[in-house]
Amino acid sequence: MISHKLFVLVVLFTFGFQAADAQELPPSTESALTWLKKIADAPRKHNYSGIFVYYADSHMETSSIVHKVDASGERERIEVLDGLPRIVFRNNDEMTCYLPESKKVFSEKRWFRKFFPDFIPQLADNINELYYVKEIKREKVTNRETQVLALIPRDTLRYGHRFWVDVETGLLLKVAVMQDSDIIEQFSFAQLQIDHEINADQVNPIQLNDATNEWKLTNLITSILSKEQLQWEITQLPAGFKTLVEMKRNLTEKPTLVDHIALTDGLATVSVFIESINKDAPAPIPGFFSSRGAINIYVRTLNDNKITTVGEVPPETIKLIGNSVVMRN
């Protein structure tokens with residue numbers, strides 16, 4: 001998520017790899033699975049605006065959101081209200097991030113547009129094979145009645161979740177990402193309006209046609225590749241994960257294009273970046289890193305390439321995927 005997990009490598013750590021033993025959990029009920037369908041559909045059906053709070057690792061961040069649905073699809077504006085200003089505009093799958101202080105603008109297409117509260121943009125058909133979905137109780141959030149759901153992973157390769165779903169609209173009002181009983185990160189509306197009229201000006205991107213602004217625009221997507229065009233492949237994907245897209249892309253402060261493979265299990269997302277090692281630059285440090293919240297990072301080298309695997313999954317999953325990246329024969 002652009003607004004909440006911005007590429008900060010914090011703590012270096014090591015651990016031993018553990019097997020991903022499946023938990024003996026019952027099938028989810030049809031009623032519980034129906035709630036997930038409502039969550040996935042709600043952002044495509046409702047206007048909403050409000051203030052939400054992100055919390056992880058003793059860090060709290062407040063953002064405003066305006067979301068409009070009309071005949072052209074979805075448009076959205078998310079503005080981070082704490083620290084350095086950041087504004088993200090979304091027009092369906094097209095994302096544009098403005099950094100006003102540095103006058104920089106980054107644009108890209110998102111194949112899995114996961115931003116709170118749009119947490120399940122593509123509900124996977126096999127979600128019940130990966131998570132046990134359980135209805136817990138009813139509880140109020142921003143004075144609206146919600147159904148609380150627990151998503152318990154059936155293996156150790158993904159995090160659990162707890163969802164607070166608006167009973168009337170299906171919109172997610174609160175999300176907690178869980179590891180066992182511990183909350184890793186949390187999003188929650190503090191103020192919310194649903195199904196009110198939203199003026200198009202509230203979600204229209206900032207205009208850059210004024211030369212005095214001196215904005216610098218970078219398109220992070222350079223070229224989308226068809227299957228097997230990349231010289232890299234992942235030989236061992238965890239159960240339920242599939243490749244969303246393969247591409248060559250710009251990354252900030254990188255002098256050359258980087259190969260990128262994006263993966264998802266329908267809820268968690270993982271990205272693999274492969275780049276040539278610049279012999280004049282400091283050698284990359286292999287190992288595990290953690291960013292804020294649920295994001296984990298694993299770096300390894302292969303021949304003269306640096307492979308960085310980043311995702312909203314436990315460290316063992318990042319290692320499994322990262323170590324499975326090889327050059328095609």
# chains A, B, ... in the order shown; residues from 1 in each chain; ligands from 1
>>> select_by_dssp(residues="stretch 15-94 of chain A", states="helix (DSSP H, G or I)", output="list in words")
Glu30, Ser31, Ala32, Leu33, Thr34, Trp35, Leu36, Lys37, Lys38, Ile39, Ala40, Asp41, Ala42, Pro43 and Arg44 of chain A
>>> write_last_selection(atoms="C-alpha atoms", output="short mmCIF file (atom, residue, chain, number, x, y, z; two decimals), in the first residue's frame")
data_model
loop_
_atom_site.label_atom_id
_atom_site.label_comp_id
_atom_site.auth_asym_id
_atom_site.auth_seq_id
_atom_site.Cartn_x
_atom_site.Cartn_y
_atom_site.Cartn_z
CA GLU A 30 -21.65 -20.43 3.05
CA SER A 31 -22.78 -17.55 5.25
CA ALA A 32 -19.18 -16.66 6.16
CA LEU A 33 -18.02 -16.86 2.54
CA THR A 34 -20.93 -14.65 1.48
CA TRP A 35 -19.54 -11.90 3.71
CA LEU A 36 -16.26 -12.02 1.76
CA LYS A 37 -18.19 -11.58 -1.48
CA LYS A 38 -19.89 -8.52 0.02
CA ILE A 39 -16.49 -7.10 1.04
CA ALA A 40 -15.15 -7.58 -2.48
CA ASP A 41 -18.22 -6.01 -4.13
CA ALA A 42 -18.82 -3.04 -1.80
CA PRO A 43 -16.20 -0.58 -3.18
CA ARG A 44 -17.63 -1.10 -6.69
#
>>> residues_around(residues="stretch 169-184 of chain A", least_positions_apart="3", cutoff="7 Å", atoms="only C-alpha atoms", output="ChimeraX atom specification")
/A:38-39,42-43,56,117,141,159-166,187-189,293-294
>>> write_last_selection(atoms="N, CA and C atoms", output="PDB file, in the first residue's frame")
ATOM      1  N   LYS A  38     -19.394  -9.870  -0.224  1.00  0.00           N
ATOM      2  CA  LYS A  38     -19.890  -8.516   0.023  1.00  0.00           C
ATOM      3  C   LYS A  38     -18.731  -7.536   0.175  1.00  0.00           C
ATOM      4  N   ILE A  39     -17.670  -7.957   0.871  1.00  0.00           N
ATOM      5  CA  ILE A  39     -16.495  -7.104   1.042  1.00  0.00           C
ATOM      6  C   ILE A  39     -15.879  -6.767  -0.313  1.00  0.00           C
ATOM      7  N   ALA A  42     -18.374  -4.318  -2.359  1.00  0.00           N
ATOM      8  CA  ALA A  42     -18.821  -3.041  -1.795  1.00  0.00           C
ATOM      9  C   ALA A  42     -18.149  -1.819  -2.413  1.00  0.00           C
ATOM     10  N   PRO A  43     -16.808  -1.800  -2.603  1.00  0.00           N
ATOM     11  CA  PRO A  43     -16.198  -0.585  -3.178  1.00  0.00           C
ATOM     12  C   PRO A  43     -16.628  -0.308  -4.607  1.00  0.00           C
ATOM     13  N   ALA A  56       0.808   0.343  13.350  1.00  0.00           N
ATOM     14  CA  ALA A  56       1.722  -0.804  13.349  1.00  0.00           C
ATOM     15  C   ALA A  56       3.029  -0.402  14.009  1.00  0.00           C
ATOM     16  N   PRO A 117     -10.363   0.743   2.232  1.00  0.00           N
ATOM     17  CA  PRO A 117     -10.984  -0.505   2.686  1.00  0.00           C
ATOM     18  C   PRO A 117     -11.195  -1.542   1.575  1.00  0.00           C
ATOM     19  N   VAL A 141     -18.571  -0.020  14.797  1.00  0.00           N
ATOM     20  CA  VAL A 141     -17.409   0.780  14.409  1.00  0.00           C
ATOM     21  C   VAL A 141     -17.953   2.058  13.795  1.00  0.00           C
ATOM     22  N   TYR A 159      -0.604 -14.782   6.776  1.00  0.00           N
ATOM     23  CA  TYR A 159      -1.128 -14.200   8.000  1.00  0.00           C
ATOM     24  C   TYR A 159      -2.641 -14.402   8.086  1.00  0.00           C
ATOM     25  N   GLY A 160      -3.146 -14.348   9.306  1.00  0.00           N
ATOM     26  CA  GLY A 160      -4.576 -14.311   9.514  1.00  0.00           C
ATOM     27  C   GLY A 160      -5.083 -12.879   9.450  1.00  0.00           C
ATOM     28  N   HIS A 161      -6.405 -12.729   9.401  1.00  0.00           N
ATOM     29  CA  HIS A 161      -7.021 -11.409   9.364  1.00  0.00           C
ATOM     30  C   HIS A 161      -8.276 -11.415  10.231  1.00  0.00           C
ATOM     31  N   ARG A 162      -8.629 -10.232  10.679  1.00  0.00           N
ATOM     32  CA  ARG A 162      -9.923 -10.026  11.308  1.00  0.00           C
ATOM     33  C   ARG A 162     -10.572  -8.839  10.610  1.00  0.00           C
ATOM     34  N   PHE A 163     -11.784  -9.040  10.135  1.00  0.00           N
ATOM     35  CA  PHE A 163     -12.518  -8.032   9.378  1.00  0.00           C
ATOM     36  C   PHE A 163     -13.750  -7.585  10.149  1.00  0.00           C
ATOM     37  N   TRP A 164     -14.001  -6.283  10.143  1.00  0.00           N
ATOM     38  CA  TRP A 164     -15.236  -5.710  10.656  1.00  0.00           C
ATOM     39  C   TRP A 164     -16.006  -5.185   9.446  1.00  0.00           C
ATOM     40  N   VAL A 165     -17.107  -5.851   9.100  1.00  0.00           N
ATOM     41  CA  VAL A 165     -17.829  -5.604   7.852  1.00  0.00           C
ATOM     42  C   VAL A 165     -19.131  -4.860   8.146  1.00  0.00           C
ATOM     43  N   ASP A 166     -19.331  -3.723   7.487  1.00  0.00           N
ATOM     44  CA  ASP A 166     -20.573  -2.975   7.651  1.00  0.00           C
ATOM     45  C   ASP A 166     -21.751  -3.844   7.224  1.00  0.00           C
ATOM     46  N   PHE A 187      -6.026  -1.227  10.379  1.00  0.00           N
ATOM     47  CA  PHE A 187      -6.653  -0.075   9.746  1.00  0.00           C
ATOM     48  C   PHE A 187      -8.050   0.074  10.346  1.00  0.00           C
ATOM     49  N   SER A 188      -8.458   1.313  10.589  1.00  0.00           N
ATOM     50  CA  SER A 188      -9.803   1.495  11.137  1.00  0.00           C
ATOM     51  C   SER A 188     -10.324   2.885  10.811  1.00  0.00           C
ATOM     52  N   PHE A 189     -11.574   2.949  10.347  1.00  0.00           N
ATOM     53  CA  PHE A 189     -12.201   4.248  10.150  1.00  0.00           C
ATOM     54  C   PHE A 189     -12.459   4.897  11.503  1.00  0.00           C
ATOM     55  N   GLY A 293       4.809  -3.071   9.848  1.00  0.00           N
ATOM     56  CA  GLY A 293       3.599  -3.862   9.724  1.00  0.00           C
ATOM     57  C   GLY A 293       3.839  -5.251   9.169  1.00  0.00           C
ATOM     58  N   ALA A 294       3.009  -5.654   8.210  1.00  0.00           N
ATOM     59  CA  ALA A 294       3.013  -7.028   7.717  1.00  0.00           C
ATOM     60  C   ALA A 294       4.041  -7.283   6.622  1.00  0.00           C
TER      61      ALA A 294
END
>>> select_by_dssp(residues="stretch 121-229 of chain A", states="strand (DSSP E or B)", output="JSON, numbers by chain")
{"A": [131, 132, 133, 134, 135, 136, 137, 138, 139, 140, 141, 144, 145, 146, 147, 148, 149, 150, 151, 152, 153, 160, 161, 162, 163, 164, 165, 166, 172, 173, 174, 175, 176, 177, 178, 179, 182, 183, 184, 185, 186, 187, 188, 189, 190, 191, 192, 193, 194, 216, 217, 218, 219, 221, 222, 223, 224, 225]}
>>> closest_residue(among="A:Leu217, A:Ile307, A:Val270, A:Leu263", to="A:Ile295", atoms="only C-alpha atoms")
A:Val270
>>> residues_around(residues="A:Lys242", least_positions_apart="2", cutoff="10 Å", atoms="only C-alpha atoms", output="list in words")
Leu237, Pro238, Ala239, Gly240, Leu244, Val245, Ala262, Leu263, Thr264, Asp265, Gly266, Thr269 and Val270 of chain A
>>> residues_around(residues="A:Arg75", least_positions_apart="2", cutoff="6 Å", atoms="only C-alpha atoms", output="PyMOL selection string")
chain A and resi 67-68+90-91
>>> write_last_selection(atoms="N, CA and C atoms", output="short mmCIF file (atom, residue, chain, number, x, y, z; two decimals), in the first residue's frame")
data_model
loop_
_atom_site.label_atom_id
_atom_site.label_comp_id
_atom_site.auth_asym_id
_atom_site.auth_seq_id
_atom_site.Cartn_x
_atom_site.Cartn_y
_atom_site.Cartn_z
N HIS A 67 -14.02 8.39 -2.11
CA HIS A 67 -14.19 7.31 -3.10
C HIS A 67 -15.51 7.51 -3.82
N LYS A 68 -15.43 7.62 -5.16
CA LYS A 68 -16.63 7.90 -5.97
C LYS A 68 -16.82 6.80 -7.01
N ARG A 90 -6.59 7.42 -7.59
CA ARG A 90 -6.84 6.19 -8.35
C ARG A 90 -7.99 6.40 -9.31
N ASN A 91 -7.75 6.03 -10.56
CA ASN A 91 -8.81 5.99 -11.57
C ASN A 91 -8.88 4.55 -12.05
#
>>> residues_around(residues="stretch 95-107 of chain A", least_positions_apart="4", cutoff="8 Å", atoms="only C-alpha atoms", output="PyMOL selection string")
chain A and resi 2+84-91+205+213-221
>>> write_last_selection(atoms="N, CA and C atoms", output="compact mmCIF listing (two decimals), in the first residue's frame")
# COMPACT_ATOMS: atom_id res chain seq x y z
N ILE A 2 0.64 2.15 -0.94
CA ILE A 2 1.52 3.28 -1.12
C ILE A 2 1.53 4.17 0.11
N LEU A 84 5.28 13.94 6.13
CA LEU A 84 5.41 14.46 4.78
C LEU A 84 4.13 14.21 3.99
N PRO A 85 3.64 15.21 3.29
CA PRO A 85 2.38 15.03 2.55
C PRO A 85 2.53 14.04 1.41
N ARG A 86 1.55 13.18 1.27
CA ARG A 86 1.47 12.21 0.17
C ARG A 86 0.01 12.12 -0.24
N ILE A 87 -0.23 12.18 -1.53
CA ILE A 87 -1.59 12.10 -2.05
C ILE A 87 -1.62 11.06 -3.16
N VAL A 88 -2.54 10.11 -3.05
CA VAL A 88 -2.69 9.08 -4.06
C VAL A 88 -4.06 9.24 -4.72
N PHE A 89 -4.05 9.29 -6.05
CA PHE A 89 -5.29 9.30 -6.82
C PHE A 89 -5.39 7.98 -7.56
N ARG A 90 -6.59 7.42 -7.59
CA ARG A 90 -6.84 6.19 -8.35
C ARG A 90 -7.99 6.40 -9.31
N ASN A 91 -7.75 6.03 -10.56
CA ASN A 91 -8.81 5.99 -11.57
C ASN A 91 -8.88 4.55 -12.05
N PRO A 205 -7.34 14.22 -10.24
CA PRO A 205 -5.91 14.42 -9.93
C PRO A 205 -5.50 15.88 -10.07
N ASN A 213 4.97 24.88 -11.72
CA ASN A 213 4.95 23.86 -10.68
C ASN A 213 6.22 23.03 -10.65
N GLU A 214 6.81 22.83 -11.83
CA GLU A 214 8.06 22.07 -11.95
C GLU A 214 7.94 20.67 -11.37
N TRP A 215 6.80 20.04 -11.59
CA TRP A 215 6.62 18.66 -11.16
C TRP A 215 7.43 17.73 -12.06
N LYS A 216 7.99 16.68 -11.48
CA LYS A 216 8.70 15.66 -12.26
C LYS A 216 7.88 14.38 -12.23
N LEU A 217 7.41 13.94 -13.42
CA LEU A 217 6.56 12.77 -13.52
C LEU A 217 7.38 11.55 -13.93
N THR A 218 7.21 10.44 -13.20
CA THR A 218 7.87 9.18 -13.53
C THR A 218 6.82 8.10 -13.66
N ASN A 219 6.80 7.44 -14.81
CA ASN A 219 5.93 6.29 -15.01
C ASN A 219 6.69 5.04 -14.58
N LEU A 220 6.23 4.39 -13.53
CA LEU A 220 6.96 3.26 -12.97
C LEU A 220 6.82 2.00 -13.82
N ILE A 221 5.81 1.95 -14.66
CA ILE A 221 5.63 0.79 -15.53
C ILE A 221 6.22 1.11 -16.90
>>> closest_residue(among="A:Lys109, A:Leu192, A:Gly83, A:Val310", to="A:Ser64", atoms="only C-alpha atoms")
A:Leu192
>>> closest_residue(among="A:Ile78, A:Ile321, A:Ala71, A:Leu230", to="A:Val258", atoms="only C-alpha atoms")
A:Leu230
>>> residues_around(residues="A:Thr256", least_positions_apart="5", cutoff="9 Å", atoms="only C-alpha atoms", output="list in words")
Arg249, Asn250, Leu251, Glu275 and Ser276 of chain A
>>> closest_residue(among="A:Phe112, A:Leu25, A:Glu139, A:Gln193", to="A:Phe52", atoms="only C-alpha atoms")
A:Gln193
>>> atom_distance(atom1="atom CA of A:Val272", atom2="atom CA of A:Asp259")
8.0 Å
>>> atom_distance(atom1="atom CA of A:Lys306", atom2="atom CA of A:Gln236")
18.7 Å
>>> closest_residue(among="A:Pro26, A:Gly73, A:Gly311, A:Gly50", to="A:Arg292", atoms="only C-alpha atoms")
A:Gly311
>>> atom_distance(atom1="atom CA of A:Gln122", atom2="atom CA of A:Ala268")
11.0 Å
>>> decode(residues="stretch 23-50 of chain A", atoms="N, CA and C atoms", output="compact mmCIF listing (two decimals), in the first residue's frame")
# COMPACT_ATOMS: atom_id res chain seq x y z
N GLN A 23 -3.29 -26.70 9.06
CA GLN A 23 -4.08 -26.83 10.28
C GLN A 23 -5.36 -27.62 9.97
N GLU A 24 -5.79 -28.38 10.95
CA GLU A 24 -7.05 -29.12 10.80
C GLU A 24 -8.19 -28.19 11.16
N LEU A 25 -8.74 -27.54 10.15
CA LEU A 25 -9.82 -26.59 10.35
C LEU A 25 -11.02 -27.02 9.51
N PRO A 26 -12.22 -26.76 9.98
CA PRO A 26 -13.41 -27.18 9.22
C PRO A 26 -13.60 -26.28 8.00
N PRO A 27 -14.44 -26.70 7.06
CA PRO A 27 -14.79 -25.83 5.94
C PRO A 27 -15.52 -24.58 6.44
N SER A 28 -15.37 -23.49 5.74
CA SER A 28 -16.10 -22.28 6.06
C SER A 28 -17.57 -22.45 5.68
N THR A 29 -18.44 -21.82 6.41
CA THR A 29 -19.87 -21.89 6.07
C THR A 29 -20.16 -20.99 4.87
N GLU A 30 -21.25 -21.27 4.17
CA GLU A 30 -21.65 -20.43 3.05
C GLU A 30 -21.93 -19.01 3.51
N SER A 31 -22.49 -18.88 4.71
CA SER A 31 -22.78 -17.55 5.25
C SER A 31 -21.50 -16.74 5.42
N ALA A 32 -20.46 -17.37 5.96
CA ALA A 32 -19.18 -16.66 6.16
C ALA A 32 -18.56 -16.26 4.83
N LEU A 33 -18.59 -17.16 3.85
CA LEU A 33 -18.02 -16.86 2.54
C LEU A 33 -18.80 -15.77 1.82
N THR A 34 -20.10 -15.70 2.08
CA THR A 34 -20.93 -14.65 1.48
C THR A 34 -20.49 -13.27 1.96
N TRP A 35 -20.05 -13.17 3.21
CA TRP A 35 -19.54 -11.90 3.71
C TRP A 35 -18.31 -11.45 2.92
N LEU A 36 -17.43 -12.38 2.55
CA LEU A 36 -16.26 -12.02 1.76
C LEU A 36 -16.67 -11.48 0.40
N LYS A 37 -17.69 -12.08 -0.19
CA LYS A 37 -18.19 -11.58 -1.48
C LYS A 37 -18.72 -10.15 -1.32
N LYS A 38 -19.39 -9.87 -0.22
CA LYS A 38 -19.89 -8.52 0.02
C LYS A 38 -18.73 -7.54 0.18
N ILE A 39 -17.67 -7.96 0.87
CA ILE A 39 -16.49 -7.10 1.04
C ILE A 39 -15.88 -6.77 -0.31
N ALA A 40 -15.76 -7.78 -1.17
CA ALA A 40 -15.15 -7.58 -2.48
C ALA A 40 -15.99 -6.67 -3.37
N ASP A 41 -17.32 -6.77 -3.26
CA ASP A 41 -18.22 -6.01 -4.13
C ASP A 41 -18.46 -4.57 -3.66
N ALA A 42 -18.37 -4.32 -2.36
CA ALA A 42 -18.82 -3.04 -1.80
C ALA A 42 -18.15 -1.82 -2.41
N PRO A 43 -16.81 -1.80 -2.60
CA PRO A 43 -16.20 -0.58 -3.18
C PRO A 43 -16.63 -0.31 -4.61
N ARG A 44 -17.15 -1.30 -5.32
CA ARG A 44 -17.63 -1.10 -6.69
C ARG A 44 -19.06 -0.55 -6.71
N LYS A 45 -19.72 -0.46 -5.54
CA LYS A 45 -21.13 -0.09 -5.48
C LYS A 45 -21.42 1.19 -4.70
N HIS A 46 -20.48 1.64 -3.87
CA HIS A 46 -20.83 2.70 -2.92
C HIS A 46 -19.83 3.85 -2.95
N ASN A 47 -20.36 5.07 -2.87
CA ASN A 47 -19.55 6.24 -2.55
C ASN A 47 -19.25 6.22 -1.05
N TYR A 48 -18.07 6.71 -0.68
CA TYR A 48 -17.79 6.88 0.73
C TYR A 48 -16.64 7.87 0.91
N SER A 49 -16.58 8.47 2.07
CA SER A 49 -15.48 9.36 2.43
C SER A 49 -15.32 9.35 3.94
N GLY A 50 -14.10 9.64 4.38
CA GLY A 50 -13.88 9.66 5.82
C GLY A 50 -12.42 9.76 6.19
